[in-house]
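Only one structure is covered here, and it is reproduced in the block below.
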Amino acid sequence: MIKTFSRCGIKIILSTMLASASVSAAAQAQLPRAEVSTTVDQRVADIEDFVDGAMAMAIANRELAGAVFVLVKDGEIVFQNGYGFADVETRRPVDPARTLFRPGSVSKLFTWTAIMQLVEQGRLNLDDPVDRYLDFSIPDTFPQDITVRHLLDHSAGFEDGYKDMFVSSPDEYQALGPWLAGHIPARVREPGTEVSYSNYSTALAGYIVQRISGEDFSDYVDRHIFQPAGMTRSTFREPLPEAWEQDVAVGYEWQDGRFEAQPAEMIYNIAPAGSLSSTGTDMARFMIAHLQDGRIGDQRILRPETARQMRERLAANSPGLPGIAHGFLESRASNPRIVGHGGNTGEFHSNLLLVPEENLGFYISVTGGNAASTARSEISALVLDRLFPTERLPKWQGAPAELAEGTYRTNRRSYTNHRVDPSSLIQVSRDGEHGIQVTIADQTIRWEQVGPRLFQQVTGETTPYGPLGLIQFYGEGDDTRFSFEAQPYTLYRLVS
C-alpha cells in the first residue's frame with residue numbers, strides 16, 4: 001500500500017509495501033514504435049500516477065531520499081511533484097517550486113545555449129579555432145586546430161579527468177580562466193575523429209562566453225537566460241545566495257542502513273560544466289523555452305532557427321546509434337526522436353529529456369545512496385516507454401556477427417595516469433551463435449543479436465549505468481569498437 005499526501009505539488013511517500021521488480025532497457029533508438037490504443041495526450045493524462053508509483057518503488061528499493069519530477073507539454077507544466085525529503089533529519093519535504101537540486105552536467109545545456117546566443121549574434125563562429133577567443137594557448141599536439149564546434153560535440157580530443165573539479169571550501173576557488181590555463185588536459189587524438197565526453201571542453205566554452213561578452217559567466221547566464229526565461233530560483237553561483245541556503249536539498253549517501261548527510265558540493269573551478277542549482281519549476285521553464293524554439297511567453301532566449309539548430313546532430317561514434325547534437329545528447333534517434341542531457345554530482349543524479357515532435361519534456365533529479373543514480377535512469381526509461389512504447393527487434397536470422405571477444409576500454413578516461421580503473425573495462429564474450437555476454441562491474445548480462453553487428457539486452461538486470469539499450473560493434477581487428485545506445489558520448493575499444 002502506498003500512502004501519500006499532496007500539497008502544492010509535494011508528494012511524500014509515507015510507507016510502501018512493494019515487490020521488487022527488475023527494469024529492462026527501454027527507449028531504444030532503432031526499435032519500431034509499438035501499436036497502442038491511446039494517444040500521447042491520453043497517456044500523458046495518466047502519467048502522474050505512474051510516476052508516483054515508480055518513485056515509491058525507488059524509495060523502497062533504490063536508497064532514494066528525495067526527488068523532484070516535472071513534465072511539460074505544449075508550453076505548460078502538466079504536473080510537478082516533490083517526493084521524499086529535502087532534509088531527512090528535519091523531515092523537510094521536497095517542494096518542486098522551492099527546493100534547489102544540483103542537476104550536475106545538465107548545467108551544460110545552459111552553457112551551450114549561451115554559446116549559440118553568441119553565434120546567432122555574429123560574435124562567434126563555430127568553426128573558429130578556440131585559441132582565437134582565449135588568453136592562453138592550447139598545446140599544438142596535432143596540426144588540426146580545436147574549433148568551437150569540437151567543444152559542442154565533445155570531439156576536441158582531450159583526455160578526461162576530475163582533478164581539482166570539486167573543492168571543499170571557497171578558499172580553494174580559482175577564477176575560471178586561470179584554472180583552465182593551469183589544468184589543460186592532454187590532447188590524445190585528432191579533433192573531430194571521436195566523441196569522448198569532456199567536462200573541460202564545456203568549461204572552456206563557458207570561458208569563451210565570458211571572454212566575448214565581457215561578463216562573468218554566472219552574470220551572463222543570469223541576464224541572458226534565467227531572466228528572460230523567468231527562472232527566478234536558479235544560479236551557477238557557489239556558495240548559494242544566503243536567502244536560498246535553507247531551501248537546498250541535502251546530498252546523501254547510504255551508510256549502515258541509513259542516510260548520511262554530506263557536505264555541500266562545490267564545483268567552483270569548472271562552473272560552466274556543472275555548478276547549477278535550480279528548482280523543478282525553473283527547469284520546466286527552460287524546457288518550455290527550448291521546445292517552443294527559444295520562446296517562453298513574450299520572451300526569447302534563442303531565435304527559432306538557432307533553437308532548432310541546437311537539436312541537429314553534429315557527430316556520432318556509432319554509424320547506427322544516437323549521437324551528439326549542438327550540446328544536446330540524442331537519447332532516441334526516431335519514433336520519436338528524443339534529445340536531452342543527464343547529470344551526476346557526488347550525491348545528485350538528474351535527467352532532462354525533450355521530445356520536440358510531441359512538444360513534451362520532463363526533468364528528474366534525485367539524491368540518496370549509490371542506487372539513486374540507477375533509480376534516476378530507471379524512472380526515465382520507464383516514463384519514456386510508458387509515453388512512447390516501442391517493440392523489441394526480432395532475433396537476427398542471418399550470419400553470426402563478426403566481433404572480437406576480449407576486454408574493451410572506454411575512450412573517456414585519463415591517458416596520462418596509467419593506473420587502470422576497473423570500472424573503465426568491459427568484458428565481451430560469445431554466448432551461442434547469436435548471443436554475447438557483457439560483463440560490467442562484475443555483473444554479466446546477456447545480449448541477443450538483432451542485426452549484422454547489433455545486439456539488444458535479453459536479461460532484465462539493470463546495469464550500474466542504468467538501461468543501456470542497444471550495442472553496436474564496428475571497426476575491424478585490433479580497432480574493433482562498440483557503443484551503447486544510451487551512451488552517445490563515449491565508445492569502447494578493444495584493448496586485449
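Convention: chains lettered A, B, ... in C-alpha cells order; per-chain residue numbering from 1; ligands numbered from 1 as shown.
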
Filtered DSSP result for stretch 295-426 of chain A, state helix (DSSP H, G or I), as a PyMOL selection string:
chain A and resi 304-310+356-358+371-387+422-424

Please, which residues in stretch 258-359 of chain A fall within 12 Å of stretch 485-494 of chain A when counting only C-alpha atoms, and what is the closest atom pair and distance in Å to one decimal for each, ordered by chain then residue number, as a Markdown table?
```
| residue | atom | partner | partner_atom | distance |
| --- | --- | --- | --- | --- |
| A:Arg313 | CA | A:Pro488 | CA | 11.3 |
| A:Leu314 | CA | A:Pro488 | CA | 11.6 |
| A:Ala315 | CA | A:Pro488 | CA | 9.3 |
| A:Ala316 | CA | A:Pro488 | CA | 6.8 |
| A:Asn317 | CA | A:Leu491 | CA | 6.7 |
| A:Ser318 | CA | A:Pro488 | CA | 8.1 |
| A:Pro319 | CA | A:Pro488 | CA | 11.0 |
| A:Gly320 | CA | A:Glu485 | CA | 9.0 |
| A:Leu321 | CA | A:Glu485 | CA | 5.6 |
| A:Pro322 | CA | A:Pro488 | CA | 5.8 |
| A:Gly323 | CA | A:Pro488 | CA | 4.9 |
| A:Ile324 | CA | A:Pro488 | CA | 6.6 |
| A:Ala325 | CA | A:Pro488 | CA | 10.2 |
| A:Gly327 | CA | A:Tyr489 | CA | 10.8 |
| A:Phe328 | CA | A:Tyr489 | CA | 10.4 |
| A:Leu329 | CA | A:Pro488 | CA | 6.9 |
| A:Glu330 | CA | A:Pro488 | CA | 7.1 |
| A:Ser331 | CA | A:Ala486 | CA | 6.4 |
| A:Arg332 | CA | A:Glu485 | CA | 8.1 |
| A:Ala333 | CA | A:Glu485 | CA | 9.6 |
| A:Ile338 | CA | A:Ala486 | CA | 11.5 |
| A:Val339 | CA | A:Pro488 | CA | 11.0 |
| A:Gly340 | CA | A:Pro488 | CA | 11.4 |
| A:His341 | CA | A:Tyr489 | CA | 10.4 |
| A:Gly342 | CA | A:Gln487 | CA | 10.3 |
```

List as a list in words the protein and nucleic acid residues near stretch 171-175 of chain A, meaning an atom at most 12 Å away when only C-alpha atoms are counted, but skip any in the same chain fewer than 6 places from it.
Asp164, Met165, Ala181, Gly182, His183, Ala203, Tyr207, Gln210, Asp216, Phe217, Ser218, Arg237, Glu238, Pro239, Met266, Ile267, Tyr268, Asn269, Ile270 and Ala271 of chain A

Give me the residues within 12 Å of A:Gln427 as a list in words, counting only C-alpha atoms and dropping any in the same chain fewer than 3 places off.
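Skipping anything fewer than 3 positions along the chain leaves Ala404, Glu405, Gly406, Thr407, Tyr408, Arg409, Thr410, Pro422, Ser423, Ser424, Arg430, Ile436, Gln437, Val438, Thr439, Ile440, Ala441, Asp442, Gln443, Thr444, Ile445, Arg446, Phe482, Tyr492, Arg493, Leu494, Val495 and Ser496 of chain A.
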
Near A:Glu63, within 9 Å and counting only C-alpha atoms, which residues show up once chain neighbours fewer than 4 positions away are dropped, as a VMD selection string?
chain A and resid 58 to 59 253 to 254 258 to 259 367 to 372 375

Neighbour list for A:Gly451 as a PDB file with N, CA and C atoms, in the first residue's frame, cut-off 12 Å, only C-alpha atoms, skip fewer than 6 positions in-chain:
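Printed below is result_38.pdb as written:
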```pdb
ATOM      1  N   GLN A  30      16.496   2.341 -32.390  1.00  0.00           N
ATOM      2  CA  GLN A  30      16.102   1.813 -33.680  1.00  0.00           C
ATOM      3  C   GLN A  30      14.872   0.926 -33.614  1.00  0.00           C
ATOM      4  N   LEU A  31      14.226   0.845 -32.485  1.00  0.00           N
ATOM      5  CA  LEU A  31      13.061  -0.021 -32.359  1.00  0.00           C
ATOM      6  C   LEU A  31      11.836   0.625 -33.001  1.00  0.00           C
ATOM      7  N   GLY A 320      25.066   3.665 -36.443  1.00  0.00           N
ATOM      8  CA  GLY A 320      23.645   3.369 -36.384  1.00  0.00           C
ATOM      9  C   GLY A 320      22.950   3.695 -35.088  1.00  0.00           C
ATOM     10  N   LEU A 393      13.211  -5.532 -31.299  1.00  0.00           N
ATOM     11  CA  LEU A 393      13.601  -6.010 -32.617  1.00  0.00           C
ATOM     12  C   LEU A 393      13.590  -7.529 -32.639  1.00  0.00           C
ATOM     13  N   PRO A 394      13.220  -8.140 -33.749  1.00  0.00           N
ATOM     14  CA  PRO A 394      13.211  -9.606 -33.821  1.00  0.00           C
ATOM     15  C   PRO A 394      14.618 -10.170 -33.822  1.00  0.00           C
ATOM     16  N   LYS A 395      14.731 -11.406 -33.366  1.00  0.00           N
ATOM     17  CA  LYS A 395      16.028 -12.080 -33.354  1.00  0.00           C
ATOM     18  C   LYS A 395      16.578 -12.188 -34.767  1.00  0.00           C
ATOM     19  N   TRP A 396      17.871 -11.932 -34.899  1.00  0.00           N
ATOM     20  CA  TRP A 396      18.546 -11.962 -36.199  1.00  0.00           C
ATOM     21  C   TRP A 396      18.603 -13.388 -36.729  1.00  0.00           C
ATOM     22  N   GLN A 397      18.235 -13.552 -38.022  1.00  0.00           N
ATOM     23  CA  GLN A 397      18.237 -14.862 -38.642  1.00  0.00           C
ATOM     24  C   GLN A 397      19.418 -15.071 -39.582  1.00  0.00           C
ATOM     25  N   GLY A 398      20.249 -14.043 -39.733  1.00  0.00           N
ATOM     26  CA  GLY A 398      21.378 -14.134 -40.646  1.00  0.00           C
ATOM     27  C   GLY A 398      22.611 -14.724 -39.989  1.00  0.00           C
ATOM     28  N   ALA A 399      23.763 -14.436 -40.592  1.00  0.00           N
ATOM     29  CA  ALA A 399      25.027 -14.976 -40.105  1.00  0.00           C
ATOM     30  C   ALA A 399      25.375 -14.381 -38.749  1.00  0.00           C
ATOM     31  N   PRO A 400      26.050 -15.172 -37.897  1.00  0.00           N
ATOM     32  CA  PRO A 400      26.503 -14.625 -36.616  1.00  0.00           C
ATOM     33  C   PRO A 400      27.403 -13.413 -36.827  1.00  0.00           C
ATOM     34  N   ALA A 401      27.333 -12.477 -35.914  1.00  0.00           N
ATOM     35  CA  ALA A 401      28.121 -11.254 -36.034  1.00  0.00           C
ATOM     36  C   ALA A 401      29.612 -11.549 -35.943  1.00  0.00           C
ATOM     37  N   GLU A 402      30.386 -10.800 -36.724  1.00  0.00           N
ATOM     38  CA  GLU A 402      31.834 -10.828 -36.586  1.00  0.00           C
ATOM     39  C   GLU A 402      32.218  -9.825 -35.498  1.00  0.00           C
ATOM     40  N   HIS A 434      24.258 -16.540 -31.708  1.00  0.00           N
ATOM     41  CA  HIS A 434      23.763 -15.180 -31.907  1.00  0.00           C
ATOM     42  C   HIS A 434      23.688 -14.394 -30.601  1.00  0.00           C
ATOM     43  N   GLY A 435      24.433 -14.815 -29.593  1.00  0.00           N
ATOM     44  CA  GLY A 435      24.399 -14.100 -28.330  1.00  0.00           C
ATOM     45  C   GLY A 435      25.774 -13.692 -27.862  1.00  0.00           C
ATOM     46  N   LEU A 470      20.682  -0.648 -27.036  1.00  0.00           N
ATOM     47  CA  LEU A 470      21.371  -1.497 -27.987  1.00  0.00           C
ATOM     48  C   LEU A 470      22.879  -1.374 -27.862  1.00  0.00           C
ATOM     49  N   ILE A 471      23.594  -2.397 -28.350  1.00  0.00           N
ATOM     50  CA  ILE A 471      25.050  -2.345 -28.525  1.00  0.00           C
ATOM     51  C   ILE A 471      25.334  -2.538 -30.009  1.00  0.00           C
ATOM     52  N   GLN A 472      26.168  -1.684 -30.569  1.00  0.00           N
ATOM     53  CA  GLN A 472      26.607  -1.878 -31.947  1.00  0.00           C
ATOM     54  C   GLN A 472      28.128  -1.954 -31.987  1.00  0.00           C
ATOM     55  N   PHE A 473      28.631  -2.993 -32.678  1.00  0.00           N
ATOM     56  CA  PHE A 473      30.071  -3.148 -32.899  1.00  0.00           C
ATOM     57  C   PHE A 473      30.428  -2.592 -34.272  1.00  0.00           C
TER      58      PHE A 473
END
```

Skip stretch 278-286 of chain A itself and residues of its chain fewer than 6 positions away, then list as a ChimeraX atom specification all residues within 7 Å of it, counting only C-alpha atoms.
/A:68-70,72,77,96-102,229,231,233-235

Written selection (C-alpha atoms) as a PDB file, in the first residue's frame:
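Output file selection-v4.pdb is given in full below:
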```pdb
ATOM      1  CA  VAL A  68      11.702  16.169  -7.988  1.00  0.00           C
ATOM      2  CA  PHE A  69       9.879  15.383 -11.224  1.00  0.00           C
ATOM      3  CA  VAL A  70       8.268  17.811 -13.654  1.00  0.00           C
ATOM      4  CA  VAL A  72       5.757  19.838 -19.605  1.00  0.00           C
ATOM      5  CA  ILE A  77       3.527  22.324 -16.842  1.00  0.00           C
ATOM      6  CA  PRO A  96       9.239  21.452  -6.767  1.00  0.00           C
ATOM      7  CA  ALA A  97       8.822  25.231  -6.825  1.00  0.00           C
ATOM      8  CA  ARG A  98      11.191  25.955  -3.933  1.00  0.00           C
ATOM      9  CA  THR A  99      13.679  23.145  -3.301  1.00  0.00           C
ATOM     10  CA  LEU A 100      17.007  23.535  -5.090  1.00  0.00           C
ATOM     11  CA  PHE A 101      18.609  20.427  -6.603  1.00  0.00           C
ATOM     12  CA  ARG A 102      22.014  20.103  -8.248  1.00  0.00           C
ATOM     13  CA  ALA A 229      13.078  32.597 -19.162  1.00  0.00           C
ATOM     14  CA  MET A 231      13.896  31.309 -13.891  1.00  0.00           C
ATOM     15  CA  ARG A 233      15.347  30.413  -8.427  1.00  0.00           C
ATOM     16  CA  SER A 234      18.382  29.273 -10.398  1.00  0.00           C
ATOM     17  CA  THR A 235      22.061  30.139 -10.123  1.00  0.00           C
TER      18      THR A 235
END
```

Could you pull out all residues of stretch 143-313 of chain A with a DSSP call of strand (DSSP E or B) and give them as a PDB file with N, CA and C atoms, in the first residue's frame?
```pdb
ATOM      1  N   THR A 147      38.245  23.523 -32.774  1.00  0.00           N
ATOM      2  CA  THR A 147      37.278  24.580 -33.032  1.00  0.00           C
ATOM      3  C   THR A 147      36.190  24.586 -31.959  1.00  0.00           C
ATOM      4  N   PHE A 158      40.433  15.730 -26.080  1.00  0.00           N
ATOM      5  CA  PHE A 158      41.058  15.800 -24.758  1.00  0.00           C
ATOM      6  C   PHE A 158      40.861  14.485 -23.998  1.00  0.00           C
ATOM      7  N   VAL A 167      35.746  21.299  -4.984  1.00  0.00           N
ATOM      8  CA  VAL A 167      36.522  21.873  -3.891  1.00  0.00           C
ATOM      9  C   VAL A 167      35.735  21.702  -2.606  1.00  0.00           C
ATOM     10  N   ARG A 187      46.031  16.313 -25.083  1.00  0.00           N
ATOM     11  CA  ARG A 187      45.321  16.053 -26.332  1.00  0.00           C
ATOM     12  C   ARG A 187      45.736  14.659 -26.792  1.00  0.00           C
ATOM     13  N   SER A 234      17.300  30.028  -9.775  1.00  0.00           N
ATOM     14  CA  SER A 234      18.382  29.273 -10.398  1.00  0.00           C
ATOM     15  C   SER A 234      19.653  30.110 -10.360  1.00  0.00           C
ATOM     16  N   THR A 235      20.791  29.426 -10.164  1.00  0.00           N
ATOM     17  CA  THR A 235      22.061  30.139 -10.123  1.00  0.00           C
ATOM     18  C   THR A 235      23.208  29.176 -10.388  1.00  0.00           C
ATOM     19  N   VAL A 248      17.932  24.413  -0.145  1.00  0.00           N
ATOM     20  CA  VAL A 248      18.661  23.442  -0.960  1.00  0.00           C
ATOM     21  C   VAL A 248      18.421  22.029  -0.431  1.00  0.00           C
ATOM     22  N   TYR A 252      22.985  13.080  -0.005  1.00  0.00           N
ATOM     23  CA  TYR A 252      23.110  11.949   0.924  1.00  0.00           C
ATOM     24  C   TYR A 252      23.917  10.812   0.323  1.00  0.00           C
ATOM     25  N   GLU A 253      24.484  10.028   1.224  1.00  0.00           N
ATOM     26  CA  GLU A 253      24.989   8.702   0.912  1.00  0.00           C
ATOM     27  C   GLU A 253      24.315   7.717   1.867  1.00  0.00           C
ATOM     28  N   TRP A 254      24.228   6.450   1.432  1.00  0.00           N
ATOM     29  CA  TRP A 254      23.592   5.408   2.233  1.00  0.00           C
ATOM     30  C   TRP A 254      24.672   4.624   2.956  1.00  0.00           C
ATOM     31  N   GLN A 255      24.705   4.738   4.281  1.00  0.00           N
ATOM     32  CA  GLN A 255      25.747   4.094   5.071  1.00  0.00           C
ATOM     33  C   GLN A 255      25.111   3.387   6.263  1.00  0.00           C
ATOM     34  N   ARG A 258      21.316   3.702   6.704  1.00  0.00           N
ATOM     35  CA  ARG A 258      20.672   4.990   6.928  1.00  0.00           C
ATOM     36  C   ARG A 258      21.279   6.039   6.008  1.00  0.00           C
ATOM     37  N   PHE A 259      20.529   7.126   5.815  1.00  0.00           N
ATOM     38  CA  PHE A 259      21.028   8.229   5.017  1.00  0.00           C
ATOM     39  C   PHE A 259      21.976   9.081   5.848  1.00  0.00           C
ATOM     40  N   GLU A 260      23.159   9.333   5.306  1.00  0.00           N
ATOM     41  CA  GLU A 260      24.144  10.200   5.951  1.00  0.00           C
ATOM     42  C   GLU A 260      24.303  11.462   5.123  1.00  0.00           C
ATOM     43  N   ALA A 261      23.980  12.609   5.734  1.00  0.00           N
ATOM     44  CA  ALA A 261      24.104  13.885   5.035  1.00  0.00           C
ATOM     45  C   ALA A 261      25.565  14.163   4.699  1.00  0.00           C
ATOM     46  N   MET A 266      30.800  21.661  -4.001  1.00  0.00           N
ATOM     47  CA  MET A 266      31.173  22.896  -4.685  1.00  0.00           C
ATOM     48  C   MET A 266      31.939  22.545  -5.949  1.00  0.00           C
ATOM     49  N   SER A 277      22.402  25.250  -9.617  1.00  0.00           N
ATOM     50  CA  SER A 277      21.383  24.871  -8.637  1.00  0.00           C
ATOM     51  C   SER A 277      20.061  25.427  -9.149  1.00  0.00           C
ATOM     52  N   SER A 278      19.002  24.601  -9.104  1.00  0.00           N
ATOM     53  CA  SER A 278      17.737  25.057  -9.682  1.00  0.00           C
ATOM     54  C   SER A 278      16.580  24.249  -9.104  1.00  0.00           C
ATOM     55  N   ARG A 295      11.303  30.385 -27.355  1.00  0.00           N
ATOM     56  CA  ARG A 295      10.335  31.354 -26.825  1.00  0.00           C
ATOM     57  C   ARG A 295       9.660  30.828 -25.575  1.00  0.00           C
ATOM     58  N   ILE A 296       9.479  31.697 -24.597  1.00  0.00           N
ATOM     59  CA  ILE A 296       8.625  31.411 -23.443  1.00  0.00           C
ATOM     60  C   ILE A 296       7.873  32.689 -23.111  1.00  0.00           C
ATOM     61  N   GLN A 299       8.962  36.365 -24.183  1.00  0.00           N
ATOM     62  CA  GLN A 299      10.415  36.494 -24.143  1.00  0.00           C
ATOM     63  C   GLN A 299      11.069  35.391 -24.987  1.00  0.00           C
ATOM     64  N   ARG A 300      12.321  35.648 -25.371  1.00  0.00           N
ATOM     65  CA  ARG A 300      13.096  34.672 -26.124  1.00  0.00           C
ATOM     66  C   ARG A 300      14.475  34.505 -25.509  1.00  0.00           C
ATOM     67  N   ARG A 313      21.874  16.948 -35.202  1.00  0.00           N
ATOM     68  CA  ARG A 313      23.030  16.094 -34.915  1.00  0.00           C
ATOM     69  C   ARG A 313      24.301  16.681 -35.523  1.00  0.00           C
TER      70      ARG A 313
END
```

Please, what distance in Å, to one decimal, runs between atom CA of A:His154 and atom CA of A:Tyr197?
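One can read the atom CA of A:His154 to atom CA of A:Tyr197 distance as 5.3 Å.
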
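Ranking A:Asp247, A:Asp479, A:Asp135, A:Asp385 by their shortest atom-to-atom distance to A:Phe50, with only C-alpha atoms included, puts A:Asp385 first.
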